[in-house]
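Q: Before anything else, here's the structure in question.
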There are 2 protein chains.
Amino acid sequence: MAKKVLLKDIANEVGVSTALVSYVLTGKEKEARVGVEIAAKIKKVAKKMNYQPNLIARSLKSGRTKTLGLILADISNTFFSMLARIIENEADLHGYTVIIGSSDEKIEKSQKLIDTFLNRSVDGLIIVPVEGSRRQFNVLNQMNVPFVLIDRSFSEKDANVVVIDNRTASFNAVNLLIQNGYRRIGMIAYDTDLTHMQNRTAGYKDALGKNGLPLDEQLIRKVTYHKLSDDVREALDYFLTGKKPLVDALFFATNSISLLALKYINGMNLKVPDDLGIVCFDESETYDFFYAPVSFVKQDLQLIGQKAVDRLMNMIEGKQVPRGPETVPATLMIRASSGNKKNSD
Amino acid sequence: MAKKVLLKDIANEVGVSTALVSYVLTGKEKEARVGVEIAAKIKKVAKKMNYQPNLIARSLKSGRTKTLGLILADISNTFFSMLARIIENEADLHGYTVIIGSSDEKIEKSQKLIDTFLNRSVDGLIIVPVEGSRRQFNVLNQMNVPFVLIDRSFSEKDANVVVIDNRTASFNAVNLLIQNGYRRIGMIAYDTDLTHMQNRTAGYKDALGKNGLPLDEQLIRKVTYHKLSDDVREALDYFLTGKKPLVDALFFATNSISLLALKYINGMNLKVPDDLGIVCFDESETYDFFYAPVSFVKQDLQLIGQKAVDRLMNMIEGKQVPRGPETVPATLMIRASSGNKKNSD
DNA sequence: CTGAAAGCGCTTACAG
DNA sequence: CTGAAAGCGCTTACAG
């Protein structure tokens with residue numbers, strides 16, 4: 001690299017100490033009561049020489065890097081890449097840069113990313129937590145590292161979480177299917193203790209209960225992230241390929257599940273929404289292209305990203321942050337896939 | 001944050017100087033000829049105390065950050081988020097962390113990201129260059145900053161570019177349509193001087209010429225990124241909504257164009273591939289869901305990411321890098337949307 | 001109002 | 001084989 005211009009160069013040029021230059025260039029000329037003329041001259045010279053501070057040096061001294069670490073499940077999944085984009089924008093508004101990593105839903109990867117980011121002295125972390133990784137956050141808490149969880153958490157009382165109201169969102173989705181005349185509604189969900197899944201399942205049950213429909217636990221099929229494709233296929237076969245289908249509608253608990261399921265259903269000998277009603281979770285471009293445009297639960301990603309960054313900023317600056325999860329509303333987008341199947345009844 | 005354990009702490013614990021600890025922990029015990037026993041002890045204690053080096057301090061001293069800057073057009077676009085994922089993985093294999101930013105195809109944003117990344121002392125940059133931003137790279141060259149361009153460039157002679165063979169890929173796509181009986185083939189492309197577009201257009205012309213079809217410049221419609229939706233719609237209306245359609249097949253030059261076009265065509269009163277053959281550029285989940293699964297040019301993103309990172313690593317390490325662009329092959333994925341329309345002729 | 005100096009946590013020539 | 005010390009480029013109490 002070429003020789004960069006340093007504080008010292010400016011100091012020499014102007015004929016003052018580096019201290020003055022530093023004060024002026026970091027906006028502390030008032031506190032340090034730097035002479036007005038000298039301050040003006042320093043600014044002018046700095047500009048002329050196109051001075052760019054060495055942020056590494058500044059960080060070493062200040063202990064702050066103006067950098068956030070963001071750990072997602074998978075940046076190549078649209079849901080997360082959109083979130084990443086928003087978080088980068090929000091962070092930038094506060095003068096922060098973001099480092100991103102994908103955990104692939106694996107504890108070890110998540111831990112490795114946390115370690116890497118801490119070694120790089122990030123000022124705070126935004127994390128989509130992985131099943132079974134609770135310990136990681138106890139450690140972070142002990143270390144006093146500012147962090148906020150997004151999308152999911154481990155318990156309702158977790159202090160620093162920004163999530164949608166999954167239970168209500170899920171209730172609305174399933175309730176829509178019921179209102180539209182479907183009666184045997186199956187669900188495909190992840191097999192995990194994370195709260196977002198728990199709540200989505202709870203919302204499903206709420207909707208059945210509220211409408212006086214019986215709960216059949218067999219109609220909630222659990223799938224595993226690491227063999228998702230097979231599991232989804234198996235679940236759909238279970239639901240639909242018997243002599244008489246077990247369900248007349250399905251609710252998919254995430255966009256990754258939805259994508260695979262829709263692809264498989266696309267090749268099946270049945271018609272959505274007449275033979276099968278569908279509501280999915282999370283947005284996807286593909287929903288528009290399914291022959292019956294897909295109804296889905298839309299999360300307000302902008303708001304999630306914004307709240308997560310705001311909250312983290314407050315923690316970093318040592319401000320008091322309200323305890324308990326921060327909940328953001330979700331919207332049910334009603335399209336063709338969810339009925340009206342039996343309006344004529 | 002909690003008190004971190006420092007080199008000094010280990011030195012005190014073992015009863016040696018920080019120099020020895022540093023040598024041992026950075027694998028220089030051989031060169032520094034540290035005693036075998038003392039080395040073993042240092043390692044043991046470091047492990048016991050869970051020492052994590054302060055990478056900021058190391059960077060300040062060494063002048064290297066083991067960080068790469070990655071500037072994409074838009075991380076929320078699947079094409080780029082998949083690429084980002086691959087580049088992160090590849091960089092990690094070399095012990096590097098990646099900072100990502102989205103330029104939104106704007107020169108100023110791209111410049112701002114470059115400045116931010118340089119201030120953070122990244123060791124190198126991987127950049128998807130923006131229309132009209134050529135100057136940025138002259139400056140980087142002067143500053144001796146290692147960087148490689150991906151996906152596009154400014155001229156064929158550009159030294160550090162990793163791209164697919166766009167001209168051939170495009171030729172193959174259009175040639176397929178012609179082989180399948182289509183005769184009046186339109187193209188929607190970006191209005192830009194960047195080489196990838198130039199080459200995709202050239203490939204289109206090659207295919208017409210090779211097959212003895214006349215070139216009608218009116219059938220190449222140029223659209224602008226910043227009003228893409230309107231422009232694509234306008235182009236499609238031009239092509240298809242006259243009394244007699246002007247084309248019987250269309251070639252879309254990027255996935256962003258493809259997505260909008262397919263959505264619009266989905267609502268039109270015509271049948272793919274019978275009334276209209278289609279080939280798109282770049283992969284998309286949505287292509288599977290279009291009623292006639294879409295044929296497309298598939299880039300080898302893994303190879304692009306890998307070559308880009310490898311090349312950058314070599315530059316960073318001061319190795320000789322071969323001049324000229326590095327070209328990666330593309331694959332034509334043939335599905336339903338591209339015909340055979342007129343096989344019966 | 002301004003300068004000399006310490007210090008952030010490392011790495012690495014240098015001396016012994 | 002090992003230690004004392006300089007230095008990376010900043011920031012900031014301290015002294016004057």
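Residue names in the structure tokens use chain letters A, B, ... in the order shown, residue numbers from 1 in each chain, and ligand numbers from 1 in the order shown.
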Kindly provide, as a PyMOL selection string, the residues of chain A having any atom no farther than 7 Å from an atom of chain D, counting only C-alpha atoms (C1' of nucleotides).
A: chain A and resi 54+57-58+61
Q: Give me the chain A side of the contact with chain B, cut-off 6 Å, one line per residue showing its nearest atom pair and distance in Å at one decimal, counting only C-alpha atoms, sorted by chain and residue number, as JSON lines.
A:
{"residue": "A:Met1", "atom": "CA", "partner": "B:Asn144", "partner_atom": "CA", "distance": 4.6}
{"residue": "A:Ala2", "atom": "CA", "partner": "B:Met143", "partner_atom": "CA", "distance": 4.8}
{"residue": "A:Asn54", "atom": "CA", "partner": "B:Asn119", "partner_atom": "CA", "distance": 5.7}
{"residue": "A:Leu55", "atom": "CA", "partner": "B:Arg120", "partner_atom": "CA", "distance": 5.4}
{"residue": "A:Ser76", "atom": "CA", "partner": "B:Met82", "partner_atom": "CA", "distance": 4.8}
{"residue": "A:Ser81", "atom": "CA", "partner": "B:Ser76", "partner_atom": "CA", "distance": 4.9}
{"residue": "A:Met82", "atom": "CA", "partner": "B:Ser76", "partner_atom": "CA", "distance": 4.8}
{"residue": "A:Ile99", "atom": "CA", "partner": "B:Ile99", "partner_atom": "CA", "distance": 5.1}
{"residue": "A:Asn119", "atom": "CA", "partner": "B:Asn54", "partner_atom": "CA", "distance": 5.7}
{"residue": "A:Arg120", "atom": "CA", "partner": "B:Leu55", "partner_atom": "CA", "distance": 5.4}
{"residue": "A:Met143", "atom": "CA", "partner": "B:Ala2", "partner_atom": "CA", "distance": 4.8}
{"residue": "A:Asn144", "atom": "CA", "partner": "B:Met1", "partner_atom": "CA", "distance": 4.6}
{"residue": "A:Val145", "atom": "CA", "partner": "B:Met1", "partner_atom": "CA", "distance": 5.5}
{"residue": "A:Thr286", "atom": "CA", "partner": "B:Thr286", "partner_atom": "CA", "distance": 4.5}
{"residue": "A:Phe289", "atom": "CA", "partner": "B:Phe289", "partner_atom": "CA", "distance": 5.3}
{"residue": "A:Phe290", "atom": "CA", "partner": "B:Phe289", "partner_atom": "CA", "distance": 5.3}
Q: Please produce a file of the residues just selected, as a PDB file, in the first residue's frame, where the atoms kept are N, CA and C atoms.
A:
ATOM      1  N   MET A   1       0.834  -1.209   0.000  1.00  0.00           N
ATOM      2  CA  MET A   1       0.000   0.000   0.000  1.00  0.00           C
ATOM      3  C   MET A   1       0.875   1.268   0.000  1.00  0.00           C
ATOM      4  N   ALA A   2       0.330   2.328  -0.481  1.00  0.00           N
ATOM      5  CA  ALA A   2       1.056   3.603  -0.525  1.00  0.00           C
ATOM      6  C   ALA A   2       1.165   4.165   0.894  1.00  0.00           C
ATOM      7  N   ASN A  54      -6.511   6.149  10.903  1.00  0.00           N
ATOM      8  CA  ASN A  54      -6.315   4.713  10.994  1.00  0.00           C
ATOM      9  C   ASN A  54      -7.219   4.191  12.107  1.00  0.00           C
ATOM     10  N   LEU A  55      -8.294   3.531  11.671  1.00  0.00           N
ATOM     11  CA  LEU A  55      -9.302   3.089  12.630  1.00  0.00           C
ATOM     12  C   LEU A  55      -8.793   1.986  13.546  1.00  0.00           C
ATOM     13  N   SER A  76     -27.314 -17.037   2.596  1.00  0.00           N
ATOM     14  CA  SER A  76     -27.815 -17.244   1.235  1.00  0.00           C
ATOM     15  C   SER A  76     -29.320 -17.513   1.214  1.00  0.00           C
ATOM     16  N   SER A  81     -30.762 -12.737   4.195  1.00  0.00           N
ATOM     17  CA  SER A  81     -29.996 -11.741   3.451  1.00  0.00           C
ATOM     18  C   SER A  81     -30.727 -10.399   3.451  1.00  0.00           C
ATOM     19  N   MET A  82     -32.060 -10.455   3.457  1.00  0.00           N
ATOM     20  CA  MET A  82     -32.800  -9.196   3.541  1.00  0.00           C
ATOM     21  C   MET A  82     -32.593  -8.560   4.910  1.00  0.00           C
ATOM     22  N   ILE A  99     -19.855  -7.178  10.480  1.00  0.00           N
ATOM     23  CA  ILE A  99     -19.228  -8.416   9.998  1.00  0.00           C
ATOM     24  C   ILE A  99     -20.280  -9.515  10.095  1.00  0.00           C
ATOM     25  N   ASN A 119     -12.579 -11.776  19.136  1.00  0.00           N
ATOM     26  CA  ASN A 119     -11.146 -11.516  18.946  1.00  0.00           C
ATOM     27  C   ASN A 119     -10.929 -10.256  18.116  1.00  0.00           C
ATOM     28  N   ARG A 120     -11.895  -9.986  17.278  1.00  0.00           N
ATOM     29  CA  ARG A 120     -11.793  -8.773  16.479  1.00  0.00           C
ATOM     30  C   ARG A 120     -12.409  -7.583  17.210  1.00  0.00           C
ATOM     31  N   MET A 143     -19.366 -12.305  30.350  1.00  0.00           N
ATOM     32  CA  MET A 143     -18.288 -11.467  29.836  1.00  0.00           C
ATOM     33  C   MET A 143     -18.737 -10.026  29.631  1.00  0.00           C
ATOM     34  N   ASN A 144     -20.036  -9.824  29.849  1.00  0.00           N
ATOM     35  CA  ASN A 144     -20.544  -8.464  29.704  1.00  0.00           C
ATOM     36  C   ASN A 144     -20.485  -7.958  28.268  1.00  0.00           C
ATOM     37  N   VAL A 145     -20.595  -8.864  27.321  1.00  0.00           N
ATOM     38  CA  VAL A 145     -20.613  -8.467  25.917  1.00  0.00           C
ATOM     39  C   VAL A 145     -22.032  -8.072  25.528  1.00  0.00           C
ATOM     40  N   THR A 286     -40.774 -16.794  -4.687  1.00  0.00           N
ATOM     41  CA  THR A 286     -41.368 -17.962  -5.343  1.00  0.00           C
ATOM     42  C   THR A 286     -42.875 -18.035  -5.124  1.00  0.00           C
ATOM     43  N   PHE A 289     -45.006 -17.170  -7.898  1.00  0.00           N
ATOM     44  CA  PHE A 289     -44.945 -17.966  -9.115  1.00  0.00           C
ATOM     45  C   PHE A 289     -45.652 -19.311  -8.988  1.00  0.00           C
ATOM     46  N   PHE A 290     -46.002 -19.684  -7.785  1.00  0.00           N
ATOM     47  CA  PHE A 290     -46.784 -20.902  -7.603  1.00  0.00           C
ATOM     48  C   PHE A 290     -48.126 -20.687  -8.300  1.00  0.00           C
TER      49      PHE A 290
END
Q: What are the DSSP strand (DSSP E or B) residues of stretch 158-311 of chain B, as a ChimeraX atom specification?
A: /B:161-164,185-190,220-223,249-252,277-281,295-299
Q: Kindly export the residues of the current selection with N, CA and C atoms, as a PDB file, in the first residue's frame.
A:
ATOM      1  N   VAL B 161      -9.801  -9.641 -12.864  1.00  0.00           N
ATOM      2  CA  VAL B 161     -11.238  -9.871 -12.961  1.00  0.00           C
ATOM      3  C   VAL B 161     -11.490 -11.362 -12.989  1.00  0.00           C
ATOM      4  N   VAL B 162     -12.507 -11.785 -12.282  1.00  0.00           N
ATOM      5  CA  VAL B 162     -12.979 -13.164 -12.413  1.00  0.00           C
ATOM      6  C   VAL B 162     -14.420 -13.101 -12.902  1.00  0.00           C
ATOM      7  N   VAL B 163     -14.648 -13.603 -14.080  1.00  0.00           N
ATOM      8  CA  VAL B 163     -15.985 -13.557 -14.692  1.00  0.00           C
ATOM      9  C   VAL B 163     -16.264 -14.859 -15.433  1.00  0.00           C
ATOM     10  N   ILE B 164     -17.527 -15.067 -15.779  1.00  0.00           N
ATOM     11  CA  ILE B 164     -17.813 -16.185 -16.662  1.00  0.00           C
ATOM     12  C   ILE B 164     -17.606 -15.731 -18.103  1.00  0.00           C
ATOM     13  N   ILE B 185     -36.208 -13.194 -31.964  1.00  0.00           N
ATOM     14  CA  ILE B 185     -35.805 -13.288 -30.564  1.00  0.00           C
ATOM     15  C   ILE B 185     -35.426 -11.916 -30.036  1.00  0.00           C
ATOM     16  N   GLY B 186     -36.118 -11.503 -28.992  1.00  0.00           N
ATOM     17  CA  GLY B 186     -35.804 -10.224 -28.361  1.00  0.00           C
ATOM     18  C   GLY B 186     -34.924 -10.431 -27.145  1.00  0.00           C
ATOM     19  N   MET B 187     -34.283  -9.336 -26.721  1.00  0.00           N
ATOM     20  CA  MET B 187     -33.413  -9.411 -25.541  1.00  0.00           C
ATOM     21  C   MET B 187     -33.674  -8.190 -24.666  1.00  0.00           C
ATOM     22  N   ILE B 188     -33.706  -8.396 -23.366  1.00  0.00           N
ATOM     23  CA  ILE B 188     -33.754  -7.251 -22.457  1.00  0.00           C
ATOM     24  C   ILE B 188     -32.451  -7.241 -21.670  1.00  0.00           C
ATOM     25  N   ALA B 189     -31.746  -6.117 -21.760  1.00  0.00           N
ATOM     26  CA  ALA B 189     -30.424  -6.011 -21.136  1.00  0.00           C
ATOM     27  C   ALA B 189     -30.319  -4.677 -20.399  1.00  0.00           C
ATOM     28  N   TYR B 190     -29.300  -4.571 -19.555  1.00  0.00           N
ATOM     29  CA  TYR B 190     -29.044  -3.294 -18.901  1.00  0.00           C
ATOM     30  C   TYR B 190     -28.334  -2.344 -19.840  1.00  0.00           C
ATOM     31  N   ILE B 220     -33.355  -5.354 -29.166  1.00  0.00           N
ATOM     32  CA  ILE B 220     -32.565  -5.317 -27.925  1.00  0.00           C
ATOM     33  C   ILE B 220     -33.033  -4.114 -27.123  1.00  0.00           C
ATOM     34  N   ARG B 221     -33.784  -4.347 -26.092  1.00  0.00           N
ATOM     35  CA  ARG B 221     -34.292  -3.244 -25.272  1.00  0.00           C
ATOM     36  C   ARG B 221     -33.382  -3.058 -24.063  1.00  0.00           C
ATOM     37  N   LYS B 222     -32.994  -1.811 -23.831  1.00  0.00           N
ATOM     38  CA  LYS B 222     -32.108  -1.510 -22.706  1.00  0.00           C
ATOM     39  C   LYS B 222     -32.909  -0.956 -21.536  1.00  0.00           C
ATOM     40  N   VAL B 223     -32.642  -1.472 -20.342  1.00  0.00           N
ATOM     41  CA  VAL B 223     -33.347  -0.995 -19.155  1.00  0.00           C
ATOM     42  C   VAL B 223     -32.356  -0.431 -18.136  1.00  0.00           C
ATOM     43  N   ALA B 249     -39.689 -15.195 -28.992  1.00  0.00           N
ATOM     44  CA  ALA B 249     -38.879 -15.677 -27.871  1.00  0.00           C
ATOM     45  C   ALA B 249     -38.143 -14.501 -27.238  1.00  0.00           C
ATOM     46  N   LEU B 250     -37.786 -14.654 -25.961  1.00  0.00           N
ATOM     47  CA  LEU B 250     -37.079 -13.592 -25.253  1.00  0.00           C
ATOM     48  C   LEU B 250     -35.914 -14.151 -24.450  1.00  0.00           C
ATOM     49  N   PHE B 251     -34.862 -13.338 -24.392  1.00  0.00           N
ATOM     50  CA  PHE B 251     -33.674 -13.675 -23.619  1.00  0.00           C
ATOM     51  C   PHE B 251     -33.454 -12.539 -22.620  1.00  0.00           C
ATOM     52  N   PHE B 252     -33.439 -12.872 -21.329  1.00  0.00           N
ATOM     53  CA  PHE B 252     -33.273 -11.857 -20.291  1.00  0.00           C
ATOM     54  C   PHE B 252     -31.850 -11.916 -19.737  1.00  0.00           C
ATOM     55  N   GLY B 277     -40.911 -18.388 -26.296  1.00  0.00           N
ATOM     56  CA  GLY B 277     -39.801 -19.110 -25.685  1.00  0.00           C
ATOM     57  C   GLY B 277     -39.031 -18.185 -24.758  1.00  0.00           C
ATOM     58  N   ILE B 278     -38.465 -18.744 -23.695  1.00  0.00           N
ATOM     59  CA  ILE B 278     -37.738 -17.900 -22.732  1.00  0.00           C
ATOM     60  C   ILE B 278     -36.463 -18.597 -22.255  1.00  0.00           C
ATOM     61  N   VAL B 279     -35.368 -17.819 -22.230  1.00  0.00           N
ATOM     62  CA  VAL B 279     -34.176 -18.243 -21.501  1.00  0.00           C
ATOM     63  C   VAL B 279     -33.727 -17.074 -20.629  1.00  0.00           C
ATOM     64  N   CYS B 280     -33.366 -17.374 -19.394  1.00  0.00           N
ATOM     65  CA  CYS B 280     -32.947 -16.334 -18.455  1.00  0.00           C
ATOM     66  C   CYS B 280     -31.466 -16.477 -18.115  1.00  0.00           C
ATOM     67  N   PHE B 281     -30.953 -15.450 -17.472  1.00  0.00           N
ATOM     68  CA  PHE B 281     -29.573 -15.495 -16.998  1.00  0.00           C
ATOM     69  C   PHE B 281     -29.587 -15.653 -15.481  1.00  0.00           C
ATOM     70  N   SER B 295     -35.641 -22.224 -18.455  1.00  0.00           N
ATOM     71  CA  SER B 295     -34.262 -22.510 -18.867  1.00  0.00           C
ATOM     72  C   SER B 295     -33.383 -21.316 -18.508  1.00  0.00           C
ATOM     73  N   PHE B 296     -32.147 -21.610 -18.104  1.00  0.00           N
ATOM     74  CA  PHE B 296     -31.304 -20.482 -17.696  1.00  0.00           C
ATOM     75  C   PHE B 296     -29.818 -20.780 -17.820  1.00  0.00           C
ATOM     76  N   VAL B 297     -29.057 -19.715 -17.827  1.00  0.00           N
ATOM     77  CA  VAL B 297     -27.597 -19.811 -17.819  1.00  0.00           C
ATOM     78  C   VAL B 297     -27.143 -19.857 -16.367  1.00  0.00           C
ATOM     79  N   LYS B 298     -26.500 -20.942 -16.002  1.00  0.00           N
ATOM     80  CA  LYS B 298     -26.083 -21.109 -14.619  1.00  0.00           C
ATOM     81  C   LYS B 298     -24.597 -20.813 -14.474  1.00  0.00           C
ATOM     82  N   GLN B 299     -24.283 -19.867 -13.617  1.00  0.00           N
ATOM     83  CA  GLN B 299     -22.887 -19.540 -13.360  1.00  0.00           C
ATOM     84  C   GLN B 299     -22.346 -20.467 -12.278  1.00  0.00           C
TER      85      GLN B 299
END
Q: Can you tell me, as a PyMOL selection string, which residues in stretch 10-89 of chain A count as helix (DSSP H, G or I) by DSSP?
A: chain A and resi 10-14+18-25+36-48+55-62+78-89
Q: I need the chosen residues saved as a short mmCIF file (atom, residue, chain, number, x, y, z; two decimals), in the first residue's frame, with C-alpha atoms.
A:
data_model
loop_
_atom_site.label_atom_id
_atom_site.label_comp_id
_atom_site.auth_asym_id
_atom_site.auth_seq_id
_atom_site.Cartn_x
_atom_site.Cartn_y
_atom_site.Cartn_z
CA ILE A 10 -0.63 17.13 9.57
CA ALA A 11 0.91 18.25 12.85
CA ASN A 12 4.22 18.87 11.10
CA GLU A 13 2.58 20.69 8.23
CA VAL A 14 0.62 22.99 10.53
CA THR A 18 -0.46 15.70 17.21
CA ALA A 19 -2.62 16.23 20.28
CA LEU A 20 -4.18 19.35 18.85
CA VAL A 21 -4.75 17.72 15.51
CA SER A 22 -6.43 14.79 17.19
CA TYR A 23 -8.69 17.03 19.28
CA VAL A 24 -9.78 19.05 16.29
CA LEU A 25 -10.31 16.13 13.97
CA VAL A 36 -10.20 29.01 16.64
CA GLU A 37 -7.69 29.95 13.98
CA ILE A 38 -5.44 27.00 14.59
CA ALA A 39 -8.45 24.68 14.50
CA ALA A 40 -9.52 26.07 11.18
CA LYS A 41 -6.06 25.64 9.79
CA ILE A 42 -5.83 22.05 10.99
CA LYS A 43 -9.12 21.22 9.34
CA LYS A 44 -8.06 22.82 6.13
CA VAL A 45 -4.76 21.01 5.98
CA ALA A 46 -6.32 17.68 6.93
CA LYS A 47 -8.74 18.08 4.11
CA LYS A 48 -6.09 19.13 1.66
CA LEU A 55 -9.30 3.09 12.63
CA ILE A 56 -7.23 0.20 13.90
CA ALA A 57 -5.03 2.50 15.94
CA ARG A 58 -8.04 4.41 17.19
CA SER A 59 -9.68 1.15 18.22
CA LEU A 60 -6.65 -0.10 20.09
CA LYS A 61 -6.59 3.05 22.15
CA SER A 62 -10.29 3.51 22.63
CA THR A 78 -33.41 -14.65 1.33
CA PHE A 79 -35.01 -14.14 4.71
CA PHE A 80 -31.62 -13.64 6.28
CA SER A 81 -30.00 -11.74 3.45
CA MET A 82 -32.80 -9.20 3.54
CA LEU A 83 -32.39 -8.91 7.28
CA ALA A 84 -28.63 -8.55 6.83
CA ARG A 85 -29.15 -5.75 4.37
CA ILE A 86 -31.41 -3.86 6.75
CA ILE A 87 -29.11 -4.35 9.71
CA GLU A 88 -26.15 -3.09 7.69
CA ASN A 89 -28.08 0.02 6.75
#
